[in-house]
file query_23.cif (mmCIF, C-alpha atoms)
data_upload
loop_
_atom_site.label_atom_id
_atom_site.label_comp_id
_atom_site.auth_asym_id
_atom_site.auth_seq_id
_atom_site.Cartn_x
_atom_site.Cartn_y
_atom_site.Cartn_z
CA MET A 146 64.46 115.77 102.92
CA ALA A 147 64.75 119.14 101.19
CA GLY A 148 61.47 120.56 100.02
CA GLY A 149 59.48 118.89 102.79
CA MET A 150 60.04 115.34 101.57
CA THR A 151 60.34 112.44 103.97
CA THR A 152 63.58 110.76 104.95
CA PRO A 153 65.04 109.08 101.87
CA ALA A 154 64.81 105.34 101.36
CA PHE A 155 65.38 103.19 98.33
CA ASN A 156 62.26 102.06 96.53
CA GLU A 157 61.87 98.42 95.54
CA VAL A 158 63.82 98.71 92.28
CA SER A 159 66.66 100.71 93.84
CA GLU A 160 66.85 98.37 96.83
CA LYS A 161 67.20 95.39 94.48
CA ASP A 162 69.95 97.22 92.58
CA PHE A 163 71.63 98.13 95.88
CA GLN A 164 71.62 94.51 97.08
CA GLU A 165 73.03 93.28 93.76
CA THR A 166 75.70 95.98 93.84
CA ILE A 167 76.95 95.38 97.37
CA ALA A 168 77.04 91.63 96.69
CA ARG A 169 79.81 92.38 94.17
CA TYR A 170 81.87 94.05 96.93
CA PRO A 171 81.79 91.60 99.85
CA VAL A 172 85.08 92.71 101.42
CA ASP A 173 85.17 96.48 101.00
CA ARG A 174 81.80 98.23 100.80
CA ALA A 175 83.57 101.55 100.15
CA SER A 176 84.28 100.20 96.67
CA ALA A 177 80.53 100.20 96.04
CA THR A 178 80.25 103.95 96.66
CA LEU A 179 80.16 105.05 93.00
CA PRO A 180 77.56 102.53 91.81
CA VAL A 181 75.40 103.15 94.89
CA LEU A 182 75.54 106.90 94.31
CA TRP A 183 74.33 106.23 90.74
CA ILE A 184 71.43 104.20 92.13
CA ALA A 185 70.54 107.01 94.52
CA GLN A 186 70.76 109.73 91.90
CA ARG A 187 68.68 107.70 89.45
CA GLN A 188 65.92 107.38 92.04
CA PHE A 189 66.03 110.82 93.69
CA GLY A 190 67.18 112.85 90.67
CA TRP A 191 69.97 114.54 92.63
CA LEU A 192 72.02 114.07 95.82
CA PRO A 193 70.96 116.40 98.62
CA ALA A 194 72.67 116.02 102.00
CA GLU A 195 69.95 113.68 103.26
CA VAL A 196 70.51 111.26 100.38
CA LEU A 197 74.29 111.33 100.89
CA GLU A 198 73.71 110.56 104.58
CA TYR A 199 71.39 107.71 103.61
CA VAL A 200 73.95 106.23 101.19
CA ALA A 201 76.68 106.54 103.82
CA SER A 202 74.54 104.77 106.42
CA ARG A 203 73.65 101.98 104.00
CA LEU A 204 77.33 101.46 103.16
CA GLY A 205 78.52 101.87 106.76
CA LEU A 206 80.80 104.74 105.77
CA PRO A 207 81.34 108.25 107.11
CA VAL A 208 79.21 110.86 105.34
CA ALA A 209 82.37 112.85 104.57
CA ARG A 210 83.78 109.94 102.58
CA VAL A 211 80.63 109.51 100.49
CA THR A 212 80.34 113.27 99.98
CA GLY A 213 84.01 113.44 98.98
CA VAL A 214 83.53 110.75 96.35
CA ALA A 215 80.34 112.35 95.00
CA SER A 216 81.82 115.84 94.86
CA PHE A 217 84.88 114.66 92.93
CA TYR A 218 82.84 113.61 89.89
CA THR A 219 80.90 115.97 87.62
CA MET A 220 78.15 113.44 86.93
CA PHE A 221 76.66 113.75 90.39
CA LYS A 222 74.19 116.56 90.96
CA PHE A 223 73.89 118.47 94.23
CA LYS A 224 70.84 120.45 93.21
CA PRO A 225 67.86 119.69 91.03
CA THR A 226 68.54 120.21 87.36
CA GLY A 227 66.50 120.45 84.20
CA ARG A 228 65.68 117.39 82.15
CA TYR A 229 68.78 118.18 80.06
CA HIS A 230 71.85 119.01 82.11
CA ILE A 231 74.30 120.81 79.84
CA GLN A 232 77.85 120.78 81.17
CA ILE A 233 80.47 122.82 79.37
CA CYS A 234 84.12 122.01 80.03
CA ARG A 235 86.13 125.05 81.02
CA ASN A 236 89.53 123.41 81.42
CA LEU A 237 92.57 124.55 79.45
CA SER A 238 92.08 122.80 76.12
CA CYS A 239 88.39 123.65 75.95
CA ALA A 240 89.05 127.22 77.10
CA MET A 241 91.64 127.67 74.35
CA PHE A 242 89.14 126.47 71.74
CA GLY A 243 86.25 128.70 72.77
CA ALA A 244 84.43 127.23 75.76
CA GLU A 245 83.71 130.70 77.15
CA ARG A 246 82.05 131.79 73.89
CA ILE A 247 79.99 128.60 73.86
CA THR A 248 78.93 129.20 77.46
CA GLU A 249 77.92 132.79 76.72
CA ARG A 250 76.03 131.74 73.60
CA ILE A 251 74.05 128.97 75.28
CA CYS A 252 73.23 131.05 78.35
CA LYS A 253 71.99 133.88 76.15
CA LYS A 254 69.98 131.53 73.92
CA LEU A 255 68.31 129.83 76.90
CA GLY A 256 67.98 132.98 79.01
CA VAL A 257 69.85 131.60 82.02
CA LYS A 258 73.08 132.24 83.88
CA ILE A 259 75.69 129.58 84.60
CA GLY A 260 74.16 127.23 87.14
CA GLY A 261 70.67 128.30 86.11
CA THR A 262 67.70 126.30 84.92
CA THR A 263 65.20 127.41 82.29
CA LYS A 264 61.72 128.32 83.56
CA ASP A 265 60.26 125.21 81.95
CA ASN A 266 62.86 123.00 83.77
CA LEU A 267 64.06 121.65 80.45
CA PHE A 268 67.71 122.86 80.55
CA THR A 269 70.30 123.52 83.23
CA VAL A 270 73.65 124.98 82.19
CA ASP A 271 76.83 124.42 84.20
CA GLN A 272 80.53 124.78 83.63
CA VAL A 273 82.65 121.87 84.81
CA GLU A 274 86.34 121.59 85.40
CA CYS A 275 87.07 118.71 83.03
CA LEU A 276 85.16 116.30 80.82
CA ALA A 277 88.35 114.40 79.89
CA ALA A 278 87.80 115.17 76.22
CA CYS A 279 90.76 117.41 75.36
CA GLY A 280 91.15 115.83 71.93
CA ILE A 281 87.69 117.04 70.88
CA ALA A 282 87.75 120.43 72.59
CA PRO A 283 85.65 122.32 73.26
CA ALA A 284 83.54 119.59 74.82
CA VAL A 285 79.98 119.66 76.07
CA GLN A 286 78.09 116.95 77.87
CA VAL A 287 74.29 116.78 77.77
CA ASN A 288 73.15 114.35 80.46
CA GLU A 289 75.49 111.44 79.70
CA ASP A 290 76.12 112.20 76.03
CA PHE A 291 79.42 113.81 74.96
CA HIS A 292 79.63 116.28 72.11
CA GLY A 293 82.98 117.51 70.88
CA THR A 294 84.40 120.28 68.75
CA MET A 295 81.37 122.36 69.67
CA LYS A 296 81.02 125.61 67.81
CA GLY A 297 78.11 128.01 67.94
CA GLU A 298 76.08 126.60 65.06
CA LYS A 299 76.68 123.00 66.12
CA LEU A 300 75.48 123.84 69.62
CA ASP A 301 72.40 125.59 68.23
CA GLN A 302 71.60 122.48 66.18
CA LEU A 303 71.96 120.26 69.24
CA LEU A 304 69.52 122.41 71.21
CA GLU A 305 67.09 122.45 68.28
CA VAL A 306 67.13 118.65 68.10
CA ILE A 307 66.39 118.40 71.82
CA VAL A 308 63.54 120.92 71.60
CA GLU A 309 62.05 119.11 68.58
CA GLU A 310 62.22 115.76 70.40
CA GLU A 311 60.44 117.31 73.37
CA LYS A 312 57.74 118.73 71.07
CA LYS A 313 57.18 115.26 69.61
CA LYS A 314 56.80 113.85 73.13
CA GLY A 315 54.40 116.66 73.93
CA THR A 316 56.51 117.90 76.84
CA ARG A 317 57.42 121.27 75.35
CA PRO A 318 55.27 123.90 73.65
#
call {"tool": "encode", "arguments": {"input": "query_23.cif", "output": "structure tokens"}}
result
Amino acid sequence: MAGGMTTPAFNEVSEKDFQETIARYPVDRASATLPVLWIAQRQFGWLPAEVLEYVASRLGLPVARVTGVASFYTMFKFKPTGRYHIQICRNLSCAMFGAERITERICKKLGVKIGGTTKDNLFTVDQVECLAACGIAPAVQVNEDFHGTMKGEKLDQLLEVIVEEEKKKGTRP
């Protein structure tokens, strides 16, 4: 695997989850693709090519099909990210309500470019095509938590809360 790791394999917990998942899809294993990708990402942290190949082999599907499913959704990661993956919607509604300004502000505040990760691996900032949250534009997703009507100060407060929580855990200076 990338970074000199061995060939991927599910650990005991992931294997149990995998077996329970495919049992729910006895006729068409392709239907299990999304939940199995979640299992893989939870274990490996992201989905490099080797993990996608592993998932495809476990499901008996072509790698292209599994990769196509994974690449369609913004929640799957194809590179390592920081502990907090900040995704900023750039689609029409969010763009009209200031997504570009939010992106510039957060990148400047964290000292990263779009797609970049902070030196301490705490934050990764990405723009995504759509978070399906047009009614609360501009929308930002941090890991799996949605935040709507994001303006500069509100975004600053969100980052401050995250940093304070990390300080309490002792994981951030």
call {"tool": "closest_residue", "arguments": {"input": "query_23.cif", "among": "A:Asn236, A:Thr152, A:Asn266, A:Ala215", "to": "Ala278 in chain A", "atoms": "all atoms listed in the file"}}
result
A:Asn236
call {"tool": "resolve_selection", "arguments": {"input": "query_23.cif", "expression": "the PyMOL selection byres ((chain A and resi 188-202) around 9)", "output": "ChimeraX atom specification"}}
result
/A:146-147,152-156,158-159,178,181-187,203-212,215,221-226
call {"tool": "write_last_selection", "arguments": {"input": "query_23.cif", "atoms": "C-alpha atoms", "output": "CSV table (one decimal), keeping the file's coordinate frame"}}
result
chain,number,residue,atom,x,y,z
A,146,MET,CA,64.5,115.8,102.9
A,147,ALA,CA,64.8,119.1,101.2
A,152,THR,CA,63.6,110.8,105.0
A,153,PRO,CA,65.0,109.1,101.9
A,154,ALA,CA,64.8,105.3,101.4
A,155,PHE,CA,65.4,103.2,98.3
A,156,ASN,CA,62.3,102.1,96.5
A,158,VAL,CA,63.8,98.7,92.3
A,159,SER,CA,66.7,100.7,93.8
A,178,THR,CA,80.2,104.0,96.7
A,181,VAL,CA,75.4,103.2,94.9
A,182,LEU,CA,75.5,106.9,94.3
A,183,TRP,CA,74.3,106.2,90.7
A,184,ILE,CA,71.4,104.2,92.1
A,185,ALA,CA,70.5,107.0,94.5
A,186,GLN,CA,70.8,109.7,91.9
A,187,ARG,CA,68.7,107.7,89.4
A,203,ARG,CA,73.6,102.0,104.0
A,204,LEU,CA,77.3,101.5,103.2
A,205,GLY,CA,78.5,101.9,106.8
A,206,LEU,CA,80.8,104.7,105.8
A,207,PRO,CA,81.3,108.2,107.1
A,208,VAL,CA,79.2,110.9,105.3
A,209,ALA,CA,82.4,112.8,104.6
A,210,ARG,CA,83.8,109.9,102.6
A,211,VAL,CA,80.6,109.5,100.5
A,212,THR,CA,80.3,113.3,100.0
A,215,ALA,CA,80.3,112.4,95.0
A,221,PHE,CA,76.7,113.8,90.4
A,222,LYS,CA,74.2,116.6,91.0
A,223,PHE,CA,73.9,118.5,94.2
A,224,LYS,CA,70.8,120.4,93.2
A,225,PRO,CA,67.9,119.7,91.0
A,226,THR,CA,68.5,120.2,87.4
call {"tool": "atom_distance", "arguments": {"input": "query_23.cif", "atom1": "CA of Ile247 in chain A", "atom2": "CA of Ser216 in chain A"}}
result
24.6 Å
call {"tool": "residues_around", "arguments": {"input": "query_23.cif", "residues": "Glu249 in chain A", "least_positions_apart": "5", "cutoff": "9 Å", "atoms": "all atoms listed in the file", "output": "ChimeraX atom specification"}}
result
/A:244,254,258-259
call {"tool": "write_last_selection", "arguments": {"input": "query_23.cif", "atoms": "C-alpha atoms", "output": "short mmCIF file (atom, residue, chain, number, x, y, z; two decimals), in the coordinates of the input"}}
result
data_model
loop_
_atom_site.label_atom_id
_atom_site.label_comp_id
_atom_site.auth_asym_id
_atom_site.auth_seq_id
_atom_site.Cartn_x
_atom_site.Cartn_y
_atom_site.Cartn_z
CA ALA A 244 84.43 127.23 75.76
CA LYS A 254 69.98 131.53 73.92
CA LYS A 258 73.08 132.24 83.88
CA ILE A 259 75.69 129.58 84.60
#
call {"tool": "atom_distance", "arguments": {"input": "query_23.cif", "atom1": "CA of Pro180 in chain A", "atom2": "CA of Ala282 in chain A"}}
result
28.2 Å
call {"tool": "build_atoms", "arguments": {"input": "query_23.cif", "residues": "range 193-214 of chain A", "atoms": "N, CA and C atoms", "output": "short mmCIF file (atom, residue, chain, number, x, y, z; two decimals), in the coordinates of the input"}}
result
data_model
loop_
_atom_site.label_atom_id
_atom_site.label_comp_id
_atom_site.auth_asym_id
_atom_site.auth_seq_id
_atom_site.Cartn_x
_atom_site.Cartn_y
_atom_site.Cartn_z
N PRO A 193 70.92 115.46 97.49
CA PRO A 193 70.96 116.40 98.62
C PRO A 193 71.65 115.74 99.82
N ALA A 194 71.95 116.53 100.83
CA ALA A 194 72.67 116.02 102.00
C ALA A 194 72.00 114.80 102.61
N GLU A 195 70.67 114.81 102.65
CA GLU A 195 69.95 113.68 103.26
C GLU A 195 70.17 112.38 102.50
N VAL A 196 70.27 112.46 101.18
CA VAL A 196 70.51 111.26 100.38
C VAL A 196 71.95 110.79 100.58
N LEU A 197 72.89 111.72 100.63
CA LEU A 197 74.29 111.33 100.89
C LEU A 197 74.42 110.65 102.26
N GLU A 198 73.71 111.19 103.25
CA GLU A 198 73.71 110.56 104.58
C GLU A 198 73.11 109.16 104.52
N TYR A 199 72.04 109.01 103.76
CA TYR A 199 71.39 107.71 103.61
C TYR A 199 72.34 106.70 102.96
N VAL A 200 73.00 107.11 101.87
CA VAL A 200 73.95 106.23 101.19
C VAL A 200 75.08 105.84 102.14
N ALA A 201 75.59 106.81 102.87
CA ALA A 201 76.68 106.54 103.82
C ALA A 201 76.23 105.53 104.87
N SER A 202 75.03 105.71 105.39
CA SER A 202 74.54 104.77 106.42
C SER A 202 74.35 103.38 105.85
N ARG A 203 73.86 103.29 104.62
CA ARG A 203 73.65 101.98 104.00
C ARG A 203 74.97 101.27 103.72
N LEU A 204 76.02 102.05 103.44
CA LEU A 204 77.33 101.46 103.16
C LEU A 204 78.19 101.33 104.42
N GLY A 205 77.73 101.91 105.53
CA GLY A 205 78.52 101.87 106.76
C GLY A 205 79.77 102.72 106.67
N LEU A 206 79.65 103.85 105.97
CA LEU A 206 80.80 104.74 105.77
C LEU A 206 80.51 106.11 106.37
N PRO A 207 81.56 106.87 106.68
CA PRO A 207 81.34 108.25 107.11
C PRO A 207 80.73 109.08 105.98
N VAL A 208 79.85 109.99 106.33
CA VAL A 208 79.21 110.86 105.34
C VAL A 208 80.26 111.64 104.57
N ALA A 209 81.31 112.07 105.24
CA ALA A 209 82.37 112.85 104.57
C ALA A 209 83.02 112.05 103.45
N ARG A 210 83.16 110.76 103.63
CA ARG A 210 83.78 109.94 102.58
C ARG A 210 82.86 109.85 101.36
N VAL A 211 81.59 109.61 101.60
CA VAL A 211 80.63 109.51 100.49
C VAL A 211 80.50 110.85 99.79
N THR A 212 80.43 111.93 100.55
CA THR A 212 80.34 113.27 99.98
C THR A 212 81.59 113.59 99.18
N GLY A 213 82.75 113.21 99.68
CA GLY A 213 84.01 113.44 98.98
C GLY A 213 84.05 112.73 97.64
N VAL A 214 83.56 111.50 97.60
CA VAL A 214 83.53 110.75 96.35
C VAL A 214 82.56 111.43 95.38
#
